[in-house]
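The structure appears right after this line, and notes come after that.
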Amino acid sequence: MVVLTVADLVPIRQACAKKVAVNYTKPQINAAVQAVENWFEANRIGLSAVINTATAPLVLSGAQKKAIVAYWLNYKFGVEN
(Lines give C-alpha, C1' and ligand atoms only; values in the text may rest on other atoms or scores of the structure.)
Protein backbone atom coordinates (compact mmCIF):
# COMPACT_ATOMS: atom_id res chain seq x y z
CA MET A 1 0.00 0.00 0.00
CA VAL A 2 1.28 3.42 -0.93
CA VAL A 3 0.90 6.34 1.45
CA LEU A 4 -0.01 9.30 -0.72
CA THR A 5 2.10 12.42 -0.25
CA VAL A 6 0.96 16.01 -0.12
CA ALA A 7 2.21 16.34 -3.71
CA ASP A 8 -0.10 13.45 -4.67
CA LEU A 9 -3.09 14.78 -2.73
CA VAL A 10 -3.04 18.46 -3.74
CA PRO A 11 -3.98 17.94 -7.42
CA ILE A 12 -6.67 15.44 -6.44
CA ARG A 13 -8.20 17.90 -3.96
CA GLN A 14 -8.03 20.72 -6.49
CA ALA A 15 -9.67 18.63 -9.20
CA CYS A 16 -12.44 17.54 -6.82
CA ALA A 17 -13.07 21.13 -5.77
CA LYS A 18 -13.65 22.07 -9.42
CA LYS A 19 -16.22 19.31 -9.85
CA VAL A 20 -18.15 19.04 -6.57
CA ALA A 21 -19.19 21.26 -3.67
CA VAL A 22 -16.54 21.50 -0.98
CA ASN A 23 -18.13 20.67 2.35
CA TYR A 24 -15.13 18.76 3.67
CA THR A 25 -11.79 19.64 5.20
CA LYS A 26 -8.42 18.83 3.70
CA PRO A 27 -7.82 16.05 6.26
CA GLN A 28 -11.23 14.54 5.46
CA ILE A 29 -10.70 14.43 1.69
CA ASN A 30 -7.11 13.27 2.18
CA ALA A 31 -8.44 10.37 4.28
CA ALA A 32 -11.06 9.54 1.65
CA VAL A 33 -8.49 9.55 -1.16
CA GLN A 34 -6.11 7.41 0.92
CA ALA A 35 -8.97 4.97 1.59
CA VAL A 36 -9.58 4.63 -2.16
CA GLU A 37 -5.84 4.08 -2.71
CA ASN A 38 -5.75 1.43 0.02
CA TRP A 39 -8.82 -0.37 -1.33
CA PHE A 40 -7.54 -0.37 -4.89
CA GLU A 41 -4.11 -1.70 -3.90
CA ALA A 42 -5.66 -4.37 -1.67
CA ASN A 43 -7.84 -5.53 -4.56
CA ARG A 44 -5.40 -5.14 -7.45
CA ILE A 45 -4.50 -8.85 -7.55
CA GLY A 46 -8.18 -9.82 -7.52
CA LEU A 47 -8.88 -7.46 -10.40
CA SER A 48 -6.03 -8.95 -12.39
CA ALA A 49 -7.40 -12.43 -11.69
CA VAL A 50 -10.93 -11.61 -12.89
CA ILE A 51 -9.48 -10.12 -16.08
CA ASN A 52 -7.43 -13.29 -16.58
CA THR A 53 -10.55 -15.42 -16.07
CA ALA A 54 -12.55 -13.33 -18.52
CA THR A 55 -9.93 -13.52 -21.26
CA ALA A 56 -8.72 -17.13 -20.76
CA PRO A 57 -6.84 -18.72 -22.37
CA LEU A 58 -5.38 -15.34 -23.36
CA VAL A 59 -3.42 -13.64 -20.58
CA LEU A 60 -3.14 -9.91 -21.09
CA SER A 61 0.03 -8.08 -20.11
CA GLY A 62 0.14 -5.77 -17.12
CA ALA A 63 0.22 -2.78 -19.47
CA GLN A 64 -2.86 -4.03 -21.30
CA LYS A 65 -4.76 -4.57 -18.06
CA LYS A 66 -3.72 -1.14 -16.82
CA ALA A 67 -4.99 0.48 -20.02
CA ILE A 68 -8.29 -1.40 -19.86
CA VAL A 69 -8.86 -0.37 -16.24
CA ALA A 70 -7.86 3.25 -16.95
CA TYR A 71 -10.21 3.55 -19.92
CA TRP A 72 -13.01 1.83 -18.02
CA LEU A 73 -12.61 4.25 -15.10
CA ASN A 74 -12.63 7.16 -17.54
CA TYR A 75 -15.82 5.78 -19.12
CA LYS A 76 -17.47 5.33 -15.71
CA PHE A 77 -16.55 8.86 -14.76
CA GLY A 78 -18.18 10.21 -17.90
CA VAL A 79 -21.31 8.08 -17.59
CA GLU A 80 -21.91 8.69 -13.89
CA ASN A 81 -21.26 12.43 -13.84
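Identifiers for the C-alpha coordinates are assigned positionally: chains receive A, B, ... in sequence, residues are indexed from 1 per chain, and ligands are indexed from 1 in the order shown.
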What parts of chain A does DSSP call alpha helix (DSSP H)? I'd like the answer as a JSON list (two decimals) with N, CA and C atoms, in the first residue's frame.
[["chain", "number", "residue", "atom", "x", "y", "z"],
["A", 6, "VAL", "N", 1.64, 14.74, 0.10],
["A", 6, "VAL", "CA", 0.96, 16.01, -0.12],
["A", 6, "VAL", "C", 0.98, 16.34, -1.62],
["A", 7, "ALA", "N", 2.10, 16.08, -2.27],
["A", 7, "ALA", "CA", 2.21, 16.34, -3.71],
["A", 7, "ALA", "C", 1.22, 15.49, -4.51],
["A", 8, "ASP", "N", 0.90, 14.29, -4.02],
["A", 8, "ASP", "CA", -0.10, 13.45, -4.67],
["A", 8, "ASP", "C", -1.51, 13.97, -4.40],
["A", 9, "LEU", "N", -1.74, 14.41, -3.18],
["A", 9, "LEU", "CA", -3.09, 14.78, -2.73],
["A", 9, "LEU", "C", -3.56, 16.14, -3.24],
["A", 10, "VAL", "N", -2.65, 17.10, -3.34],
["A", 10, "VAL", "CA", -3.04, 18.46, -3.74],
["A", 10, "VAL", "C", -3.79, 18.48, -5.08],
["A", 11, "PRO", "N", -3.25, 17.88, -6.15],
["A", 11, "PRO", "CA", -3.98, 17.94, -7.42],
["A", 11, "PRO", "C", -5.32, 17.20, -7.38],
["A", 12, "ILE", "N", -5.40, 16.16, -6.57],
["A", 12, "ILE", "CA", -6.67, 15.44, -6.44],
["A", 12, "ILE", "C", -7.70, 16.34, -5.76],
["A", 13, "ARG", "N", -7.28, 16.99, -4.66],
["A", 13, "ARG", "CA", -8.20, 17.90, -3.96],
["A", 13, "ARG", "C", -8.64, 19.03, -4.87],
["A", 14, "GLN", "N", -7.70, 19.60, -5.60],
["A", 14, "GLN", "CA", -8.03, 20.72, -6.49],
["A", 14, "GLN", "C", -9.00, 20.29, -7.59],
["A", 15, "ALA", "N", -8.78, 19.12, -8.16],
["A", 15, "ALA", "CA", -9.67, 18.63, -9.20],
["A", 15, "ALA", "C", -11.06, 18.36, -8.64],
["A", 16, "CYS", "N", -11.14, 17.79, -7.45],
["A", 16, "CYS", "CA", -12.44, 17.54, -6.82],
["A", 16, "CYS", "C", -13.18, 18.85, -6.56],
["A", 17, "ALA", "N", -12.45, 19.84, -6.09],
["A", 17, "ALA", "CA", -13.07, 21.13, -5.77],
["A", 17, "ALA", "C", -13.66, 21.80, -7.00],
["A", 18, "LYS", "N", -13.11, 21.51, -8.18],
["A", 18, "LYS", "CA", -13.65, 22.07, -9.42],
["A", 18, "LYS", "C", -14.92, 21.36, -9.86],
["A", 19, "LYS", "N", -15.12, 20.14, -9.37],
["A", 19, "LYS", "CA", -16.22, 19.31, -9.85],
["A", 19, "LYS", "C", -17.39, 19.23, -8.87],
["A", 26, "LYS", "N", -9.54, 19.49, 4.37],
["A", 26, "LYS", "CA", -8.42, 18.83, 3.70],
["A", 26, "LYS", "C", -8.12, 17.47, 4.34],
["A", 27, "PRO", "N", -8.07, 17.38, 5.67],
["A", 27, "PRO", "CA", -7.82, 16.05, 6.26],
["A", 27, "PRO", "C", -8.91, 15.02, 5.91],
["A", 28, "GLN", "N", -10.15, 15.47, 5.80],
["A", 28, "GLN", "CA", -11.23, 14.54, 5.46],
["A", 28, "GLN", "C", -11.09, 14.02, 4.03],
["A", 29, "ILE", "N", -10.84, 14.91, 3.07],
["A", 29, "ILE", "CA", -10.70, 14.43, 1.69],
["A", 29, "ILE", "C", -9.41, 13.64, 1.53],
["A", 30, "ASN", "N", -8.35, 14.05, 2.24],
["A", 30, "ASN", "CA", -7.11, 13.27, 2.18],
["A", 30, "ASN", "C", -7.37, 11.84, 2.66],
["A", 31, "ALA", "N", -8.13, 11.70, 3.74],
["A", 31, "ALA", "CA", -8.44, 10.37, 4.28],
["A", 31, "ALA", "C", -9.28, 9.57, 3.30],
["A", 32, "ALA", "N", -10.22, 10.23, 2.64],
["A", 32, "ALA", "CA", -11.06, 9.54, 1.65],
["A", 32, "ALA", "C", -10.22, 9.05, 0.47],
["A", 33, "VAL", "N", -9.34, 9.92, -0.02],
["A", 33, "VAL", "CA", -8.49, 9.55, -1.16],
["A", 33, "VAL", "C", -7.55, 8.41, -0.75],
["A", 34, "GLN", "N", -6.99, 8.48, 0.45],
["A", 34, "GLN", "CA", -6.11, 7.41, 0.92],
["A", 34, "GLN", "C", -6.89, 6.11, 1.05],
["A", 35, "ALA", "N", -8.14, 6.17, 1.48],
["A", 35, "ALA", "CA", -8.97, 4.97, 1.59],
["A", 35, "ALA", "C", -9.19, 4.33, 0.22],
["A", 36, "VAL", "N", -9.42, 5.15, -0.80],
["A", 36, "VAL", "CA", -9.58, 4.63, -2.16],
["A", 36, "VAL", "C", -8.27, 3.97, -2.61],
["A", 37, "GLU", "N", -7.15, 4.63, -2.37],
["A", 37, "GLU", "CA", -5.84, 4.08, -2.71],
["A", 37, "GLU", "C", -5.63, 2.73, -2.03],
["A", 38, "ASN", "N", -5.93, 2.67, -0.74],
["A", 38, "ASN", "CA", -5.75, 1.43, 0.02],
["A", 38, "ASN", "C", -6.63, 0.31, -0.53],
["A", 39, "TRP", "N", -7.90, 0.64, -0.82],
["A", 39, "TRP", "CA", -8.82, -0.37, -1.33],
["A", 39, "TRP", "C", -8.35, -0.89, -2.68],
["A", 40, "PHE", "N", -7.97, 0.04, -3.56],
["A", 40, "PHE", "CA", -7.54, -0.37, -4.89],
["A", 40, "PHE", "C", -6.31, -1.27, -4.81],
["A", 41, "GLU", "N", -5.33, -0.89, -4.02],
["A", 41, "GLU", "CA", -4.11, -1.70, -3.90],
["A", 41, "GLU", "C", -4.40, -3.05, -3.27],
["A", 42, "ALA", "N", -5.30, -3.09, -2.30],
["A", 42, "ALA", "CA", -5.66, -4.37, -1.67],
["A", 42, "ALA", "C", -6.38, -5.30, -2.64],
["A", 43, "ASN", "N", -7.05, -4.74, -3.64],
["A", 43, "ASN", "CA", -7.84, -5.53, -4.56],
["A", 43, "ASN", "C", -7.23, -5.66, -5.95],
["A", 44, "ARG", "N", -6.05, -5.12, -6.13],
["A", 44, "ARG", "CA", -5.40, -5.14, -7.45],
["A", 44, "ARG", "C", -5.21, -6.56, -7.97],
["A", 45, "ILE", "N", -4.74, -7.47, -7.13],
["A", 45, "ILE", "CA", -4.50, -8.85, -7.55],
["A", 45, "ILE", "C", -5.82, -9.51, -7.95],
["A", 46, "GLY", "N", -6.87, -9.26, -7.18],
["A", 46, "GLY", "CA", -8.18, -9.82, -7.52],
["A", 46, "GLY", "C", -8.69, -9.30, -8.85],
["A", 47, "LEU", "N", -8.47, -8.04, -9.13],
["A", 47, "LEU", "CA", -8.88, -7.46, -10.40],
["A", 47, "LEU", "C", -8.12, -8.11, -11.55],
["A", 48, "SER", "N", -6.83, -8.29, -11.37],
["A", 48, "SER", "CA", -6.03, -8.95, -12.39],
["A", 48, "SER", "C", -6.54, -10.37, -12.63],
["A", 49, "ALA", "N", -6.91, -11.05, -11.56],
["A", 49, "ALA", "CA", -7.40, -12.43, -11.69],
["A", 49, "ALA", "C", -8.72, -12.50, -12.44],
["A", 50, "VAL", "N", -9.64, -11.56, -12.18],
["A", 50, "VAL", "CA", -10.93, -11.61, -12.89],
["A", 50, "VAL", "C", -10.74, -11.26, -14.36],
["A", 51, "ILE", "N", -9.78, -10.41, -14.68],
["A", 51, "ILE", "CA", -9.48, -10.12, -16.08],
["A", 51, "ILE", "C", -8.91, -11.38, -16.74],
["A", 52, "ASN", "N", -8.01, -12.05, -16.04],
["A", 52, "ASN", "CA", -7.43, -13.29, -16.58],
["A", 52, "ASN", "C", -8.52, -14.33, -16.83],
["A", 53, "THR", "N", -9.46, -14.47, -15.92],
["A", 53, "THR", "CA", -10.55, -15.42, -16.07],
["A", 53, "THR", "C", -11.41, -15.06, -17.27],
["A", 54, "ALA", "N", -11.69, -13.78, -17.43],
["A", 54, "ALA", "CA", -12.55, -13.33, -18.52],
["A", 54, "ALA", "C", -11.91, -13.54, -19.89],
["A", 55, "THR", "N", -10.59, -13.45, -19.96],
["A", 55, "THR", "CA", -9.93, -13.52, -21.26],
["A", 55, "THR", "C", -9.26, -14.87, -21.54],
["A", 62, "GLY", "N", 0.45, -6.77, -18.14],
["A", 62, "GLY", "CA", 0.14, -5.77, -17.12],
["A", 62, "GLY", "C", -0.22, -4.43, -17.74],
["A", 63, "ALA", "N", 0.50, -4.05, -18.79],
["A", 63, "ALA", "CA", 0.22, -2.78, -19.47],
["A", 63, "ALA", "C", -1.16, -2.79, -20.11],
["A", 64, "GLN", "N", -1.53, -3.93, -20.70],
["A", 64, "GLN", "CA", -2.86, -4.03, -21.30],
["A", 64, "GLN", "C", -3.95, -3.93, -20.25],
["A", 65, "LYS", "N", -3.77, -4.62, -19.15],
["A", 65, "LYS", "CA", -4.76, -4.57, -18.06],
["A", 65, "LYS", "C", -4.87, -3.16, -17.51],
["A", 66, "LYS", "N", -3.73, -2.51, -17.34],
["A", 66, "LYS", "CA", -3.72, -1.14, -16.82],
["A", 66, "LYS", "C", -4.49, -0.21, -17.75],
["A", 67, "ALA", "N", -4.28, -0.35, -19.05],
["A", 67, "ALA", "CA", -4.99, 0.48, -20.02],
["A", 67, "ALA", "C", -6.49, 0.21, -19.98],
["A", 68, "ILE", "N", -6.87, -1.05, -19.91],
["A", 68, "ILE", "CA", -8.29, -1.40, -19.86],
["A", 68, "ILE", "C", -8.94, -0.78, -18.62],
["A", 69, "VAL", "N", -8.30, -0.93, -17.48],
["A", 69, "VAL", "CA", -8.86, -0.37, -16.24],
["A", 69, "VAL", "C", -8.92, 1.16, -16.32],
["A", 70, "ALA", "N", -7.88, 1.78, -16.84],
["A", 70, "ALA", "CA", -7.86, 3.25, -16.95],
["A", 70, "ALA", "C", -8.98, 3.75, -17.85],
["A", 71, "TYR", "N", -9.16, 3.11, -19.01],
["A", 71, "TYR", "CA", -10.21, 3.55, -19.92],
["A", 71, "TYR", "C", -11.59, 3.24, -19.37],
["A", 72, "TRP", "N", -11.72, 2.15, -18.65],
["A", 72, "TRP", "CA", -13.01, 1.83, -18.02],
["A", 72, "TRP", "C", -13.35, 2.88, -16.94],
["A", 73, "LEU", "N", -12.37, 3.23, -16.12],
["A", 73, "LEU", "CA", -12.61, 4.25, -15.10],
["A", 73, "LEU", "C", -12.98, 5.58, -15.75],
["A", 74, "ASN", "N", -12.31, 5.94, -16.82],
["A", 74, "ASN", "CA", -12.63, 7.16, -17.54],
["A", 74, "ASN", "C", -14.07, 7.11, -18.08],
["A", 75, "TYR", "N", -14.45, 5.97, -18.64],
["A", 75, "TYR", "CA", -15.82, 5.78, -19.12],
["A", 75, "TYR", "C", -16.82, 5.92, -17.98],
["A", 76, "LYS", "N", -16.57, 5.25, -16.85],
["A", 76, "LYS", "CA", -17.47, 5.33, -15.71],
["A", 76, "LYS", "C", -17.61, 6.76, -15.22],
["A", 77, "PHE", "N", -16.50, 7.48, -15.20],
["A", 77, "PHE", "CA", -16.55, 8.86, -14.76],
["A", 77, "PHE", "C", -17.46, 9.68, -15.65],
["A", 78, "GLY", "N", -17.35, 9.48, -16.95],
["A", 78, "GLY", "CA", -18.18, 10.21, -17.90],
["A", 78, "GLY", "C", -19.65, 9.84, -17.83],
["A", 79, "VAL", "N", -19.92, 8.57, -17.63],
["A", 79, "VAL", "CA", -21.31, 8.08, -17.59],
["A", 79, "VAL", "C", -22.00, 8.49, -16.29],
["A", 80, "GLU", "N", -21.29, 8.46, -15.20],
["A", 80, "GLU", "CA", -21.91, 8.69, -13.89],
["A", 80, "GLU", "C", -21.85, 10.14, -13.43]]
